[in-house]
file structure25.pdb (PDB, C-alpha atoms and all ligand atoms)
ATOM      1  CA  MET A 198     -20.169  11.154 -11.466
ATOM      2  CA  GLY A 199     -16.741   9.587 -10.885
ATOM      3  CA  LEU A 200     -14.861   8.188  -7.926
ATOM      4  CA  THR A 201     -13.870  10.918  -5.523
ATOM      5  CA  GLY A 202     -11.700  11.647  -2.486
ATOM      6  CA  LEU A 203      -8.951   9.146  -3.228
ATOM      7  CA  LYS A 204      -6.294  11.858  -3.461
ATOM      8  CA  LYS A 205      -6.871  13.022   0.114
ATOM      9  CA  ASP A 206      -3.484  12.906   1.841
ATOM     10  CA  GLU A 207      -4.657  10.967   4.910
ATOM     11  CA  LEU A 208      -6.092   8.145   2.791
ATOM     12  CA  LYS A 209      -3.383   5.521   2.501
ATOM     13  CA  LEU A 210      -4.977   2.195   1.677
ATOM     14  CA  ILE A 211      -7.590   1.662  -1.041
ATOM     15  CA  LEU A 212      -8.996  -1.804  -1.686
ATOM     16  CA  PHE A 213     -11.076  -2.872  -4.678
ATOM     17  CA  GLY A 214     -13.409  -5.822  -4.295
ATOM     18  CA  GLY A 215     -16.375  -7.576  -5.887
ATOM     19  CA  LYS A 216     -17.464 -10.627  -7.840
ATOM     20  CA  GLY A 217     -15.122 -12.246 -10.356
ATOM     21  CA  GLY A 218     -14.950 -10.582 -13.753
ATOM     22  CA  VAL A 219     -16.705  -7.308 -12.891
ATOM     23  CA  GLY A 220     -13.624  -5.116 -13.391
ATOM     24  CA  LYS A 221     -11.783  -4.998 -10.041
ATOM     25  CA  THR A 222      -8.333  -5.382 -11.556
ATOM     26  CA  THR A 223      -9.121  -2.846 -14.270
ATOM     27  CA  CYS A 224     -10.362  -0.306 -11.712
ATOM     28  CA  ALA A 225      -7.431  -0.960  -9.357
ATOM     29  CA  SER A 226      -4.845  -0.487 -12.075
ATOM     30  CA  SER A 227      -6.390   2.643 -13.543
ATOM     31  CA  THR A 228      -6.785   4.062 -10.034
ATOM     32  CA  ALA A 229      -3.082   3.367  -9.541
ATOM     33  CA  LEU A 230      -2.327   5.368 -12.695
ATOM     34  CA  TYR A 231      -4.566   8.182 -11.486
ATOM     35  CA  LEU A 232      -2.928   8.364  -8.053
ATOM     36  CA  ALA A 233       0.582   8.054  -9.479
ATOM     37  CA  GLU A 234      -0.026  11.436 -11.155
ATOM     38  CA  ASP A 235       0.525  13.049  -7.744
ATOM     39  CA  PHE A 236       1.670  10.364  -5.316
ATOM     40  CA  LYS A 237       4.246   7.649  -4.985
ATOM     41  CA  THR A 238       1.973   4.661  -5.345
ATOM     42  CA  LEU A 239       2.267   0.937  -4.684
ATOM     43  CA  LEU A 240      -0.233  -1.447  -6.243
ATOM     44  CA  PHE A 241      -0.690  -4.926  -4.734
ATOM     45  CA  SER A 242      -2.429  -7.943  -6.103
ATOM     46  CA  THR A 243      -3.679 -10.580  -3.661
ATOM     47  CA  ASP A 244      -5.375 -12.512  -6.462
ATOM     48  CA  PRO A 245      -3.470 -15.684  -7.252
ATOM     49  CA  ALA A 246      -4.853 -15.453 -10.809
ATOM     50  CA  HIS A 247      -2.065 -12.978 -11.713
ATOM     51  CA  SER A 248      -4.482 -10.841 -13.702
ATOM     52  CA  LEU A 249      -2.769  -7.620 -12.651
ATOM     53  CA  ALA A 250       0.210  -8.556 -14.810
ATOM     54  CA  ASP A 251      -2.140  -9.079 -17.778
ATOM     55  CA  SER A 252      -3.885  -5.788 -17.084
ATOM     56  CA  LEU A 253      -0.634  -3.791 -16.970
ATOM     57  CA  GLY A 254       0.841  -5.798 -19.808
ATOM     58  CA  GLN A 255       4.021  -6.522 -17.865
ATOM     59  CA  GLU A 256       5.417  -9.149 -15.526
ATOM     60  CA  ILE A 257       4.978  -8.572 -11.820
ATOM     61  CA  GLU A 258       6.781 -10.359  -9.028
ATOM     62  CA  SER A 259       6.791 -11.051  -5.331
ATOM     63  CA  GLU A 260       9.271  -8.211  -4.904
ATOM     64  CA  ILE A 261       8.348  -4.562  -5.388
ATOM     65  CA  LYS A 262       8.959  -3.604  -9.017
ATOM     66  CA  VAL A 263       8.664  -0.291 -10.826
ATOM     67  CA  VAL A 264       5.940  -0.246 -13.494
ATOM     68  CA  LYS A 265       7.602   0.448 -16.821
ATOM     69  CA  GLY A 266       6.423   3.591 -18.562
ATOM     70  CA  VAL A 267       4.711   5.086 -15.482
ATOM     71  CA  LYS A 268       6.331   7.572 -13.150
ATOM     72  CA  ASN A 269       5.719   6.990  -9.413
ATOM     73  CA  LEU A 270       4.104   3.572  -9.712
ATOM     74  CA  SER A 271       5.352   0.250  -8.356
ATOM     75  CA  VAL A 272       3.649  -3.096  -8.140
ATOM     76  CA  LEU A 273       3.835  -6.253  -6.022
ATOM     77  CA  GLN A 274       2.228  -9.686  -6.222
ATOM     78  CA  ILE A 275       1.325 -11.065  -2.790
ATOM     79  CA  SER A 276       1.232 -14.793  -2.328
ATOM     80  CA  ALA A 277      -0.586 -15.892   0.824
ATOM     81  CA  GLU A 278       0.855 -19.362   0.385
ATOM     82  CA  LYS A 279       4.416 -18.098   0.286
ATOM     83  CA  ALA A 280       3.768 -15.794   3.227
ATOM     84  CA  PHE A 281       2.366 -18.748   5.182
ATOM     85  CA  SER A 282       5.310 -21.023   4.539
ATOM     86  CA  GLU A 283       7.605 -18.188   5.610
ATOM     87  CA  PHE A 284       5.520 -17.803   8.742
ATOM     88  CA  LYS A 285       5.847 -21.500   9.567
ATOM     89  CA  MET A 286       9.548 -21.455   8.975
ATOM     90  CA  ARG A 287      10.079 -18.387  11.074
ATOM     91  CA  TYR A 288       7.879 -19.279  14.032
ATOM     92  CA  SER A 289       7.731 -23.061  14.106
ATOM     93  CA  SER A 290       9.991 -23.406  17.143
ATOM     94  CA  GLN A 291       7.931 -20.902  19.136
ATOM     95  CA  ILE A 292       4.607 -22.546  18.258
ATOM     96  CA  ARG A 293       5.980 -26.004  18.990
ATOM     97  CA  LYS A 294       7.291 -24.826  22.317
ATOM     98  CA  ILE A 295       3.870 -23.508  23.302
ATOM     99  CA  LEU A 296       2.235 -26.817  22.426
ATOM    100  CA  ASP A 297       5.005 -28.824  24.004
ATOM    101  CA  THR A 298       5.219 -27.014  27.339
ATOM    102  CA  SER A 299       1.527 -26.648  27.971
ATOM    103  CA  THR A 300      -0.166 -29.891  27.032
ATOM    104  CA  TYR A 301       0.096 -33.625  27.388
ATOM    105  CA  LEU A 302       0.634 -33.974  23.676
ATOM    106  CA  ASP A 303       3.436 -36.143  22.399
ATOM    107  CA  GLU A 304       5.689 -35.355  19.457
ATOM    108  CA  GLU A 305       3.353 -37.068  17.002
ATOM    109  CA  ASP A 306       0.278 -35.142  18.220
ATOM    110  CA  ILE A 307       2.195 -31.908  17.907
ATOM    111  CA  ASN A 308       3.305 -32.770  14.394
ATOM    112  CA  SER A 309      -0.248 -33.405  13.325
ATOM    113  CA  ILE A 310      -1.538 -30.206  14.956
ATOM    114  CA  PHE A 311       1.231 -28.283  13.281
ATOM    115  CA  ALA A 312       0.298 -29.689   9.885
ATOM    116  CA  LEU A 313      -3.255 -28.325  10.229
ATOM    117  CA  PRO A 314      -4.042 -25.043   8.567
ATOM    118  CA  ILE A 315      -4.380 -22.187  11.023
ATOM    119  CA  PRO A 316      -7.499 -20.295   9.950
ATOM    120  CA  GLY A 317      -6.674 -16.935   8.499
ATOM    121  CA  VAL A 318      -2.966 -17.121   9.037
ATOM    122  CA  ASP A 319      -1.965 -17.321   5.376
ATOM    123  CA  GLU A 320      -4.094 -14.326   4.518
ATOM    124  CA  MET A 321      -2.842 -12.537   7.579
ATOM    125  CA  MET A 322       0.758 -13.027   6.607
ATOM    126  CA  GLY A 323      -0.106 -11.772   3.123
ATOM    127  CA  PHE A 324      -1.812  -8.802   4.671
ATOM    128  CA  LYS A 325       1.108  -8.248   7.002
ATOM    129  CA  THR A 326       3.221  -7.621   3.911
ATOM    130  CA  ILE A 327       0.821  -4.778   3.053
ATOM    131  CA  LEU A 328       0.795  -3.504   6.618
ATOM    132  CA  ASP A 329       4.589  -3.522   6.869
ATOM    133  CA  ALA A 330       4.870  -1.654   3.573
ATOM    134  CA  ILE A 331       2.428   0.995   4.821
ATOM    135  CA  GLU A 332       4.346   1.378   8.064
ATOM    136  CA  GLU A 333       7.653   1.646   6.258
ATOM    137  CA  ALA A 334       5.991   4.600   4.496
ATOM    138  CA  GLU A 335       8.110   4.440   1.392
ATOM    139  CA  PHE A 336       4.992   5.184  -0.659
ATOM    140  CA  ASP A 337       2.119   7.666  -0.224
ATOM    141  CA  LYS A 338      -0.701   5.459  -1.512
ATOM    142  CA  TYR A 339      -1.318   1.715  -1.404
ATOM    143  CA  ILE A 340      -3.878   0.048  -3.642
ATOM    144  CA  VAL A 341      -5.022  -3.550  -3.315
ATOM    145  CA  ASP A 342      -6.609  -5.527  -6.127
ATOM    146  CA  THR A 343      -8.345  -8.284  -4.152
ATOM    147  CA  ALA A 344      -9.378 -11.717  -5.327
ATOM    148  CA  PRO A 345     -13.155 -12.324  -5.754
ATOM    149  CA  THR A 346     -15.514 -11.596  -2.851
ATOM    150  CA  GLY A 347     -15.130 -14.667  -0.622
ATOM    151  CA  HIS A 348     -11.397 -14.359  -0.576
ATOM    152  CA  ALA A 349     -11.429 -10.618   0.043
ATOM    153  CA  LEU A 350     -13.855 -11.015   2.916
ATOM    154  CA  ARG A 351     -11.668 -13.649   4.493
ATOM    155  CA  LEU A 352      -8.769 -11.287   4.188
ATOM    156  CA  LEU A 353     -10.651  -8.538   5.977
ATOM    157  CA  THR A 354     -12.368 -10.570   8.648
ATOM    158  CA  MET A 355      -9.363 -12.679   9.491
ATOM    159  CA  PRO A 356      -8.047 -10.486  12.291
ATOM    160  CA  GLY A 357     -11.033 -11.882  14.235
ATOM    161  CA  LEU A 358     -10.291 -15.474  13.255
ATOM    162  CA  LEU A 359      -6.682 -15.158  14.086
ATOM    163  CA  ASP A 360      -7.468 -13.512  17.371
ATOM    164  CA  GLU A 361      -9.327 -16.689  18.397
ATOM    165  CA  TRP A 362      -6.290 -18.767  17.547
ATOM    166  CA  ILE A 363      -3.972 -16.478  19.511
ATOM    167  CA  LYS A 364      -6.349 -16.678  22.478
ATOM    168  CA  VAL A 365      -6.142 -20.473  22.537
ATOM    169  CA  MET A 366      -2.357 -20.366  22.350
ATOM    170  CA  ALA A 367      -2.201 -17.667  25.015
ATOM    171  CA  LYS A 368      -4.405 -19.746  27.291
ATOM    172  CA  MET A 369      -2.026 -22.678  26.947
ATOM    173  CA  ARG A 370       0.849 -20.404  27.779
ATOM    174  CA  TRP A 371      -0.989 -18.976  30.733
ATOM    175  CA  LYS A 372      -1.391 -22.447  32.278
ATOM    176  CA  TYR A 373       2.272 -23.113  31.738
ATOM    177  CA  LYS A 374       3.235 -19.772  33.223
ATOM    178  CA  TYR A 375       1.046 -20.487  36.218
ATOM    179  CA  MET A 376       2.696 -23.834  36.764
ATOM    180  CA  VAL A 377       6.212 -22.507  36.415
ATOM    181  CA  THR A 378       5.477 -19.605  38.764
ATOM    182  CA  THR A 379       3.915 -21.941  41.326
ATOM    183  CA  PHE A 380       6.881 -24.285  41.352
ATOM    184  CA  SER A 381       9.798 -21.941  40.933
ATOM    185  CA  GLY A 382       8.417 -18.641  42.185
ATOM    186  CA  LYS A 383       9.099 -16.687  39.022
ATOM    187  CA  TYR A 384       8.589 -16.820  35.282
ATOM    188  CA  ASN A 385      10.879 -15.402  32.623
ATOM    189  CA  PRO A 386       9.075 -14.768  29.355
ATOM    190  CA  ASP A 387      10.738 -16.514  26.383
ATOM    191  CA  ASP A 388      10.601 -16.136  22.600
ATOM    192  CA  SER A 389       7.225 -17.940  22.466
ATOM    193  CA  ASP A 390       5.725 -15.217  24.629
ATOM    194  CA  ASP A 391       7.312 -12.611  22.364
ATOM    195  CA  PHE A 392       5.798 -14.395  19.382
ATOM    196  CA  LEU A 393       2.279 -14.308  20.847
ATOM    197  CA  LEU A 394       2.633 -10.643  21.689
ATOM    198  CA  GLU A 395       3.875  -9.820  18.206
ATOM    199  CA  MET A 396       0.954 -11.684  16.615
ATOM    200  CA  LYS A 397      -1.484  -9.921  18.878
ATOM    201  CA  ARG A 398       0.000  -6.569  17.938
ATOM    202  CA  THR A 399      -0.162  -7.355  14.228
ATOM    203  CA  VAL A 400      -3.845  -8.265  14.464
ATOM    204  CA  LYS A 401      -4.578  -5.070  16.377
ATOM    205  CA  ARG A 402      -2.693  -2.849  13.913
ATOM    206  CA  MET A 403      -4.482  -4.484  11.049
ATOM    207  CA  GLU A 404      -7.883  -4.001  12.626
ATOM    208  CA  ILE A 405      -7.205  -0.371  13.457
ATOM    209  CA  LEU A 406      -6.077   0.380   9.901
ATOM    210  CA  LEU A 407      -8.988  -1.409   8.200
ATOM    211  CA  LYS A 408     -11.551   0.302  10.390
ATOM    212  CA  SER A 409     -10.106   3.774  10.027
ATOM    213  CA  SER A 410     -12.311   5.599   7.547
ATOM    214  CA  GLU A 411      -9.700   8.338   7.079
ATOM    215  CA  ARG A 412      -6.825   6.011   6.267
ATOM    216  CA  CYS A 413      -8.586   3.185   4.476
ATOM    217  CA  GLU A 414     -11.356   2.900   1.879
ATOM    218  CA  PHE A 415     -12.947  -0.112   0.255
ATOM    219  CA  VAL A 416     -14.332   0.541  -3.225
ATOM    220  CA  ALA A 417     -16.907  -2.036  -4.338
ATOM    221  CA  VAL A 418     -17.163  -2.905  -8.025
ATOM    222  CA  THR A 419     -20.191  -4.489  -9.675
ATOM    223  CA  ILE A 420     -22.031  -4.803 -13.001
ATOM    224  CA  PRO A 421     -25.758  -4.305 -13.682
ATOM    225  CA  GLU A 422     -26.757  -7.968 -13.446
ATOM    226  CA  ALA A 423     -28.836  -9.830 -10.857
ATOM    227  CA  MET A 424     -26.160 -12.134  -9.462
ATOM    228  CA  ALA A 425     -23.530  -9.446  -9.235
ATOM    229  CA  ILE A 426     -25.966  -7.214  -7.338
ATOM    230  CA  LEU A 427     -26.719  -9.973  -4.824
ATOM    231  CA  GLU A 428     -23.055 -10.572  -4.247
ATOM    232  CA  THR A 429     -22.405  -6.837  -3.848
ATOM    233  CA  GLU A 430     -25.110  -6.671  -1.190
ATOM    234  CA  ARG A 431     -23.462  -9.462   0.760
ATOM    235  CA  LEU A 432     -20.071  -7.847   0.407
ATOM    236  CA  VAL A 433     -21.179  -4.365   1.455
ATOM    237  CA  ASN A 434     -23.246  -5.681   4.383
ATOM    238  CA  THR A 435     -20.423  -7.830   5.678
ATOM    239  CA  LEU A 436     -17.928  -4.995   5.415
ATOM    240  CA  ASN A 437     -20.274  -2.601   7.184
ATOM    241  CA  LYS A 438     -20.939  -5.111   9.927
ATOM    242  CA  TYR A 439     -17.239  -5.534  10.355
ATOM    243  CA  GLY A 440     -16.813  -1.782  10.715
ATOM    244  CA  MET A 441     -15.347  -0.966   7.334
ATOM    245  CA  LYS A 442     -17.074   1.815   5.527
ATOM    246  CA  VAL A 443     -17.820   1.394   1.834
ATOM    247  CA  ARG A 444     -18.542   4.828   0.370
ATOM    248  CA  GLN A 445     -18.473   4.294  -3.377
ATOM    249  CA  LEU A 446     -19.702   1.637  -5.750
ATOM    250  CA  VAL A 447     -18.501   1.347  -9.339
ATOM    251  CA  VAL A 448     -21.135  -0.001 -11.733
ATOM    252  CA  ASN A 449     -19.054  -1.206 -14.638
ATOM    253  CA  ASN A 450     -19.834  -2.430 -18.173
ATOM    254  CA  VAL A 451     -22.831  -0.146 -18.627
ATOM    255  CA  HIS A 452     -24.240  -0.130 -22.206
ATOM    256  CA  GLU A 453     -24.753   3.343 -23.506
ATOM    257  CA  SER A 454     -25.380   2.808 -27.181
ATOM    258  CA  ASP A 455     -28.882   2.730 -28.629
ATOM    259  CA  ASN A 456     -27.813   2.065 -32.170
ATOM    260  CA  CYS A 457     -28.971  -1.483 -32.651
ATOM    261  CA  GLU A 458     -31.796  -3.687 -31.483
ATOM    262  CA  PHE A 459     -29.429  -5.750 -29.333
ATOM    263  CA  CYS A 460     -27.886  -2.619 -27.786
ATOM    264  CA  ARG A 461     -31.304  -1.154 -27.051
ATOM    265  CA  LYS A 462     -32.489  -4.344 -25.349
ATOM    266  CA  ARG A 463     -29.333  -4.633 -23.296
ATOM    267  CA  ARG A 464     -29.582  -1.012 -22.278
ATOM    268  CA  ILE A 465     -33.210  -1.371 -21.148
ATOM    269  CA  SER A 466     -32.431  -4.503 -19.157
ATOM    270  CA  GLN A 467     -29.471  -2.794 -17.509
ATOM    271  CA  GLU A 468     -31.523   0.296 -16.691
ATOM    272  CA  GLY A 469     -33.749  -1.851 -14.476
ATOM    273  CA  TYR A 470     -30.752  -3.188 -12.611
ATOM    274  CA  ILE A 471     -29.173   0.238 -12.280
ATOM    275  CA  SER A 472     -32.370   1.558 -10.641
ATOM    276  CA  GLN A 473     -32.253  -1.450  -8.314
ATOM    277  CA  ILE A 474     -28.654  -0.624  -7.448
ATOM    278  CA  ARG A 475     -29.522   3.010  -6.727
ATOM    279  CA  GLU A 476     -32.377   1.851  -4.517
ATOM    280  CA  LYS A 477     -30.413  -0.813  -2.624
ATOM    281  CA  PHE A 478     -27.269   1.228  -2.103
ATOM    282  CA  LYS A 479     -28.791   4.619  -1.305
ATOM    283  CA  ASP A 480     -25.922   5.585   0.989
ATOM    284  CA  LEU A 481     -23.229   4.917  -1.587
ATOM    285  CA  ARG A 482     -21.888   7.138  -4.302
ATOM    286  CA  ILE A 483     -22.727   5.280  -7.507
ATOM    287  CA  VAL A 484     -20.140   5.596 -10.270
ATOM    288  CA  ILE A 485     -21.389   4.475 -13.685
ATOM    289  CA  VAL A 486     -18.663   3.315 -16.073
ATOM    290  CA  PRO A 487     -19.551   2.599 -19.704
ATOM    291  CA  LEU A 488     -18.796  -0.659 -21.465
ATOM    292  CA  GLN A 489     -15.874  -0.114 -23.803
ATOM    293  CA  PRO A 490     -15.727  -1.432 -27.352
ATOM    294  CA  GLN A 491     -12.423  -3.130 -26.561
ATOM    295  CA  GLU A 492     -10.728  -4.897 -23.674
ATOM    296  CA  VAL A 493      -9.372  -2.478 -21.074
ATOM    297  CA  LYS A 494      -5.741  -3.474 -20.700
ATOM    298  CA  ASP A 495      -2.261  -1.987 -21.113
ATOM    299  CA  ILE A 496      -1.148   1.393 -19.846
ATOM    300  CA  ASP A 497      -2.519   3.551 -22.700
ATOM    301  CA  VAL A 498      -5.996   2.092 -22.577
ATOM    302  CA  LEU A 499      -6.030   2.160 -18.758
ATOM    303  CA  ASN A 500      -5.038   5.826 -18.900
ATOM    304  CA  ASN A 501      -8.118   6.547 -21.017
ATOM    305  CA  PHE A 502     -10.265   4.422 -18.725
ATOM    306  CA  LYS A 503      -9.206   6.453 -15.687
ATOM    307  CA  GLU A 504     -10.841   9.520 -17.235
ATOM    308  CA  LEU A 505     -14.148   7.619 -17.131
ATOM    309  CA  LEU A 506     -13.577   6.409 -13.588
ATOM    310  CA  PHE A 507     -12.625   9.710 -11.943
ATOM    311  CA  GLU A 508     -14.148  13.095 -11.524
ATOM    312  CA  ARG A 509     -11.747  15.881 -12.480
TER
HETATM  313  N1  LIG B 601     -15.796  -1.000 -18.917
HETATM  314  C1  LIG B 601     -15.276  -2.032 -19.560
HETATM  315  N2  LIG B 601     -15.494  -2.217 -20.880
HETATM  316  C2  LIG B 601     -14.972  -3.256 -21.559
HETATM  317  N3  LIG B 601     -14.210  -4.211 -21.000
HETATM  318  C3  LIG B 601     -13.956  -4.105 -19.679
HETATM  319  C4  LIG B 601     -14.454  -3.031 -18.904
HETATM  320  N4  LIG B 601     -14.020  -3.201 -17.620
HETATM  321  C5  LIG B 601     -13.275  -4.323 -17.621
HETATM  322  N5  LIG B 601     -13.222  -4.881 -18.862
HETATM  323  C6  LIG B 601     -12.553  -6.122 -19.263
HETATM  324  O1  LIG B 601     -13.247  -7.171 -18.579
HETATM  325  C7  LIG B 601     -12.350  -8.203 -18.212
HETATM  326  C8  LIG B 601     -12.465  -8.459 -16.705
HETATM  327  O2  LIG B 601     -12.002  -7.334 -15.998
HETATM  328  P1  LIG B 601     -11.102  -7.465 -14.683
HETATM  329  O3  LIG B 601     -10.761  -6.085 -14.275
HETATM  330  O4  LIG B 601      -9.996  -8.428 -14.913
HETATM  331  O5  LIG B 601     -12.177  -8.088 -13.679
HETATM  332  P2  LIG B 601     -11.960  -8.718 -12.225
HETATM  333  O6  LIG B 601     -10.648  -8.241 -11.734
HETATM  334  O7  LIG B 601     -13.104  -8.184 -11.440
HETATM  335  O8  LIG B 601     -12.039 -10.184 -12.379
HETATM  336  C9  LIG B 601     -10.980  -7.752 -18.630
HETATM  337  O9  LIG B 601     -10.661  -8.382 -19.839
HETATM  338  C10 LIG B 601     -11.119  -6.248 -18.830
HETATM  339  O10 LIG B 601     -10.245  -5.778 -19.824
HETATM  340 MG    MG B 602      -9.016  -9.419 -11.028
END

call {"tool": "encode", "arguments": {"input": "structure25.pdb", "output": "structure tokens", "more": "lines below"}}
Ligand SMILES: Nc1ncnc2c1ncn2[C@@H]1O[C@H](COP(=O)(O)OP(=O)(O)O)[C@@H](O)[C@H]1O
Ligand SMILES: [Mg+2]
result
Amino acid sequence: MGLTGLKKDELKLILFGGKGGVGKTTCASSTALYLAEDFKTLLFSTDPAHSLADSLGQEIESEIKVVKGVKNLSVLQISAEKAFSEFKMRYSSQIRKILDTSTYLDEEDINSIFALPIPGVDEMMGFKTILDAIEEAEFDKYIVDTAPTGHALRLLTMPGLLDEWIKVMAKMRWKYKYMVTTFSGKYNPDDSDDFLLEMKRTVKRMEILLKSSERCEFVAVTIPEAMAILETERLVNTLNKYGMKVRQLVVNNVHESDNCEFCRKRRISQEGYISQIREKFKDLRIVIVPLQPQEVKDIDVLNNFKELLFER
């Protein structure tokens, strides 16, 4: 049984997530090859480890680049850090103005507040790159190779975090607005108000997309080992709680050979874990992917791997 439904036209965004080393990047890149058969596809990496470049065997950059040797496939490395510094550069005057006009803070206080990290904002700006690309609609399918679980969860739950931050800023603005209106009778919104509105809209769009089960799917990847299973449970539960449906779970690196004592033992131990997985994730489609005798990297090998990953 392979992964299914990813070629449905309405489905735009597919994210792969799980513990480090279980095969997320491998699954994301071979899924990209599979979808590029019929769709114009853009593959993103949000993992600062740059493993997508290693997987595809070619350099990738922070600008959209065509994947050499594959029709219909482009790739983009997303850097949350870069996105955040761009955010600060672009909006610093608006944020400063909000702090400045609404509080008794002096310049020094404002500088120190501004130096603090804003929870979720770097990931959000990274995610905004994805969102903007989807809305520009230059591609039919968007695939995201996420960094290990904690990072991916932050990425997906950050609309909530950021919403809190916007609320605080909006409250400050509201007091200021109230004061201005009281003293001068009217209030003309300025670019700081526009900024807050734009942020609010971005968070909303992001939330709507992530929670739409027609347009977005999160594919979990795991291996038949105790710690990976525990982490998968946390991941799937958190995503479900957040309103994102996980429908399919890839169980990667499964031993199939019985030819040696070592192989037999490994296989028996894995069988126990695979039953556990089937028990724990009853609602999910379980996709078993065999351990390969060699590393799964470069286009040719990934093309073979996709035949194991997908149902034809
Ligand atoms: N089914 C498999 N059989 C053999 N090697 C695999 C398999 N799946 C992935 N690999 C290899 O395992 C390593 C980790 O995979 P990767 O996709 O980078 O994991 P992650 O992105 O989850 O950290 C890579 O070297 C990859 O080539
Ligand atoms: Mg990876």

call {"tool": "closest_residue", "arguments": {"input": "structure25.pdb", "among": "A:Leu253, A:Leu210, A:Ile465, A:Met424", "to": "ligand MG 602 (chain B)", "atoms": "all atoms listed in the file"}}
result
A:Leu253

call {"tool": "residues_near_ligand", "arguments": {"input": "structure25.pdb", "ligand": "ligand MG 602 (chain B)", "cutoff": "6 Å", "atoms": "all atoms listed in the file", "output": "VMD selection string"}}
result
chain A and resid 221 to 222 248

call {"tool": "axis_aligned_box", "arguments": {"input": "structure25.pdb", "around": "range 452-457 of chain A", "padding_each_side": "8 Å", "output": "lines of an AutoDock Vina configuration file"}}
result
center_x = -26.6
center_y = 0.9
center_z = -27.4
size_x = 20.7
size_y = 20.8
size_z = 26.4

call {"tool": "atom_distance", "arguments": {"input": "structure25.pdb", "atom1": "CA of Ala225 in chain A", "atom2": "CA of Asn437 in chain A"}}
result
21.0 Å

call {"tool": "residues_near_ligand", "arguments": {"input": "structure25.pdb", "ligand": "ligand LIG 601 (chain B)", "cutoff": "6 Å", "atoms": "all atoms listed in the file", "output": "short mmCIF file (atom, residue, chain, number, x, y, z; two decimals) with C-alpha atoms, in the frame of the given file"}}
result
data_model
loop_
_atom_site.label_atom_id
_atom_site.label_comp_id
_atom_site.auth_asym_id
_atom_site.auth_seq_id
_atom_site.Cartn_x
_atom_site.Cartn_y
_atom_site.Cartn_z
CA GLY A 217 -15.12 -12.25 -10.36
CA GLY A 218 -14.95 -10.58 -13.75
CA VAL A 219 -16.70 -7.31 -12.89
CA GLY A 220 -13.62 -5.12 -13.39
CA LYS A 221 -11.78 -5.00 -10.04
CA THR A 222 -8.33 -5.38 -11.56
CA THR A 223 -9.12 -2.85 -14.27
CA ASN A 449 -19.05 -1.21 -14.64
CA ASN A 450 -19.83 -2.43 -18.17
CA VAL A 486 -18.66 3.32 -16.07
CA PRO A 487 -19.55 2.60 -19.70
CA LEU A 488 -18.80 -0.66 -21.46
CA GLN A 489 -15.87 -0.11 -23.80
CA GLN A 491 -12.42 -3.13 -26.56
CA GLU A 492 -10.73 -4.90 -23.67
CA VAL A 493 -9.37 -2.48 -21.07
CA LYS A 494 -5.74 -3.47 -20.70
#

call {"tool": "closest_residue", "arguments": {"input": "structure25.pdb", "among": "A:Gly357, A:Pro345, A:Ser299, A:Lys294", "to": "Asp387 in chain A", "atoms": "only C-alpha atoms"}}
result
A:Lys294

call {"tool": "residues_around", "arguments": {"input": "structure25.pdb", "residues": "Glu260 in chain A", "least_positions_apart": "5", "cutoff": "9 Å", "atoms": "all atoms listed in the file", "output": "PyMOL selection string"}}
result
chain A and resi 272-275

call {"tool": "closest_atom_pairs", "arguments": {"input": "structure25.pdb", "of": "range 376-478 of chain A", "to": "range 503-507 of chain A", "cutoff": "12 Å", "atoms": "all atoms listed in the file", "output": "JSON lines"}}
result
{"residue": "A:Val416", "atom": "CA", "partner": "A:Leu506", "partner_atom": "CA", "distance": 11.9}
{"residue": "A:Val418", "atom": "CA", "partner": "A:Leu506", "partner_atom": "CA", "distance": 11.4}
{"residue": "A:Gln445", "atom": "CA", "partner": "A:Leu506", "partner_atom": "CA", "distance": 11.5}
{"residue": "A:Leu446", "atom": "CA", "partner": "A:Leu506", "partner_atom": "CA", "distance": 11.0}
{"residue": "A:Val447", "atom": "CA", "partner": "A:Leu506", "partner_atom": "CA", "distance": 8.2}
{"residue": "A:Val448", "atom": "CA", "partner": "A:Leu506", "partner_atom": "CA", "distance": 10.1}
{"residue": "A:Asn449", "atom": "CA", "partner": "A:Leu506", "partner_atom": "CA", "distance": 9.4}
{"residue": "A:Asn450", "atom": "CA", "partner": "A:Leu505", "partner_atom": "CA", "distance": 11.6}
{"residue": "A:Val451", "atom": "CA", "partner": "A:Leu505", "partner_atom": "CA", "distance": 11.7}

call {"tool": "residues_near_point", "arguments": {"input": "structure25.pdb", "point": "(6.2, -21.3, 8.4)", "cutoff": "12 Å", "atoms": "all atoms listed in the file", "output": "short mmCIF file (atom, residue, chain, number, x, y, z; two decimals) with C-alpha atoms, keeping the file's coordinate frame"}}
result
data_model
loop_
_atom_site.label_atom_id
_atom_site.label_comp_id
_atom_site.auth_asym_id
_atom_site.auth_seq_id
_atom_site.Cartn_x
_atom_site.Cartn_y
_atom_site.Cartn_z
CA ALA A 277 -0.59 -15.89 0.82
CA GLU A 278 0.86 -19.36 0.38
CA LYS A 279 4.42 -18.10 0.29
CA ALA A 280 3.77 -15.79 3.23
CA PHE A 281 2.37 -18.75 5.18
CA SER A 282 5.31 -21.02 4.54
CA GLU A 283 7.60 -18.19 5.61
CA PHE A 284 5.52 -17.80 8.74
CA LYS A 285 5.85 -21.50 9.57
CA MET A 286 9.55 -21.46 8.98
CA ARG A 287 10.08 -18.39 11.07
CA TYR A 288 7.88 -19.28 14.03
CA SER A 289 7.73 -23.06 14.11
CA SER A 290 9.99 -23.41 17.14
CA GLN A 291 7.93 -20.90 19.14
CA ILE A 292 4.61 -22.55 18.26
CA ARG A 293 5.98 -26.00 18.99
CA PHE A 311 1.23 -28.28 13.28
CA ALA A 312 0.30 -29.69 9.88
CA LEU A 313 -3.26 -28.32 10.23
CA PRO A 314 -4.04 -25.04 8.57
CA ILE A 315 -4.38 -22.19 11.02
CA VAL A 318 -2.97 -17.12 9.04
CA ASP A 319 -1.96 -17.32 5.38
CA MET A 322 0.76 -13.03 6.61
#
